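Colleague: Sharing a structure here in structure tokens format.
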Amino acid sequence: MQIVNFTPWSSFMGGILIGLAALILLFFNGKIMGASGISKGIISEDCPDPQERKWRILFVTGMIFGGFLISFLLPEMTAKTSSFSPGKMIIAGLLVGFGTAMGNGCTSGHGVCGLGRRSFRSLVATITFMASGFTTVFILFHVL
């Protein structure tokens with residue numbers, strides 16, 4: 001079996017940047033960097049404070065703009081093809097959204113911030129995310 005796209009240094013640096021972003025948001029804003037919770041707060045009616053909504057919009061805009069920027073500056077580092085149809089990707093995205101709602105958070109909130117705070121609930125959620133991902137990939141690529 002050949003390992004494809006093994007990128008330890010860029011993966012390491014990406015992890016460092018994600019961790020630094022989480023620390024900066026916690027330190028300066030007192031907020032946990034969970035992408036699903038931040039996104040939900042933009043459209044939620046429970047967020048009446050305009051300043052609260054503003055930083056959330058800036059955060060999500062930064063994630064989107066950052067993705068476009070890295071694909072423009074370093075196109076060799078971004079995936080360009082997928083064997084899945086747009087319909088399958090939409091279904092997968094909806095399932096991920098449903099899962100994050102059920103788990104009260106996503107991999108960034110639980111996996112990065114929750115584990116960093118030694119939260120048992122986040123440990124269980126992260127193990128569940130990873131096991132579900134491993135199982136899904138195994139079924140899609142080795143069973144079906």
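Within each chain, counting starts at residue 1; across the structure tokens, chains are named A, B, ... in the order shown, with ligands numbered 1 upward in that order.
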Report as a list in words all protein, DNA and RNA residues lying within 10 Å of A:Gly103, evaluated on only C-alpha atoms, omitting residues in the same chain fewer than 4 positions from it.

Modeller: Gly97, Phe98, Gly99, Thr107, His110, Arg121, Ser122, Val124, Ala125, Thr126, Thr128 and Phe129 of chain A

Colleague: May I have the selected residues written with C-alpha atoms, as a PDB file, in the first residue's frame?

Modeller:
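So the final result, stored in part11.pdb, reads:
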```pdb
ATOM      1  CA  GLY A  97     -24.718  19.485  10.003  1.00  0.00           C
ATOM      2  CA  PHE A  98     -27.224  17.134  11.632  1.00  0.00           C
ATOM      3  CA  GLY A  99     -24.404  15.393  13.511  1.00  0.00           C
ATOM      4  CA  THR A 107     -14.649  18.813  15.469  1.00  0.00           C
ATOM      5  CA  HIS A 110     -14.867  19.477  20.676  1.00  0.00           C
ATOM      6  CA  ARG A 121     -17.795  15.204  26.901  1.00  0.00           C
ATOM      7  CA  SER A 122     -15.542  16.499  24.120  1.00  0.00           C
ATOM      8  CA  VAL A 124     -16.499  11.167  23.810  1.00  0.00           C
ATOM      9  CA  ALA A 125     -17.730  13.420  20.973  1.00  0.00           C
ATOM     10  CA  THR A 126     -14.334  13.385  19.218  1.00  0.00           C
ATOM     11  CA  THR A 128     -17.549   9.335  18.044  1.00  0.00           C
ATOM     12  CA  PHE A 129     -16.710  11.717  15.157  1.00  0.00           C
TER      13      PHE A 129
END
```

Colleague: Can you check which residues of stretch 45-130 of chain A DSSP gives as alpha helix (DSSP H) on the backbone and send them as an NGL selection string?

Modeller: :A and (50-73 or 86-102 or 115-116 or 120-130)

Colleague: For the atom pair atom CA of A:Trp55 and atom CA of A:Asn29, what is the interatomic distance in Å to one decimal place?

Modeller: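 These atoms are spaced 9.3 Å apart.
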
Colleague: Need the shell around A:Gly19: protein/DNA/RNA residues with any atom at most 12 Å away, counting only C-alpha atoms. Skip same-chain ones fewer than 3 positions apart. Format as a list in words?

Modeller: Phe12, Met13, Gly14, Gly15, Ile16, Ala22, Leu23, Ile24, Leu25, Leu26, Ile32, Met33, Gly34, Ser108, Gly109, Gly111, Val112, Cys113, Gly114, Leu115 and Gly116 of chain A

Colleague: Just the residues within 10 Å of A:Thr78, please, counting only C-alpha atoms, with nothing from its chain fewer than 4 positions along; format it as a ChimeraX atom specification.

Modeller: /A:67-68,70-72,74

Colleague: Please compute the atom CA of A:Ile91-atom CA of A:Gly41 distance, one decimal, in Å.

Modeller: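 Taking atom CA of A:Ile91 and atom CA of A:Gly41, their separation equals 22.9 Å.
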
Colleague: Atom CA of A:Gly105 and atom CA of A:Phe6 are how many Å apart?

Modeller: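 If I compute the distance from atom CA of A:Gly105 to atom CA of A:Phe6, I get 28.4 Å.
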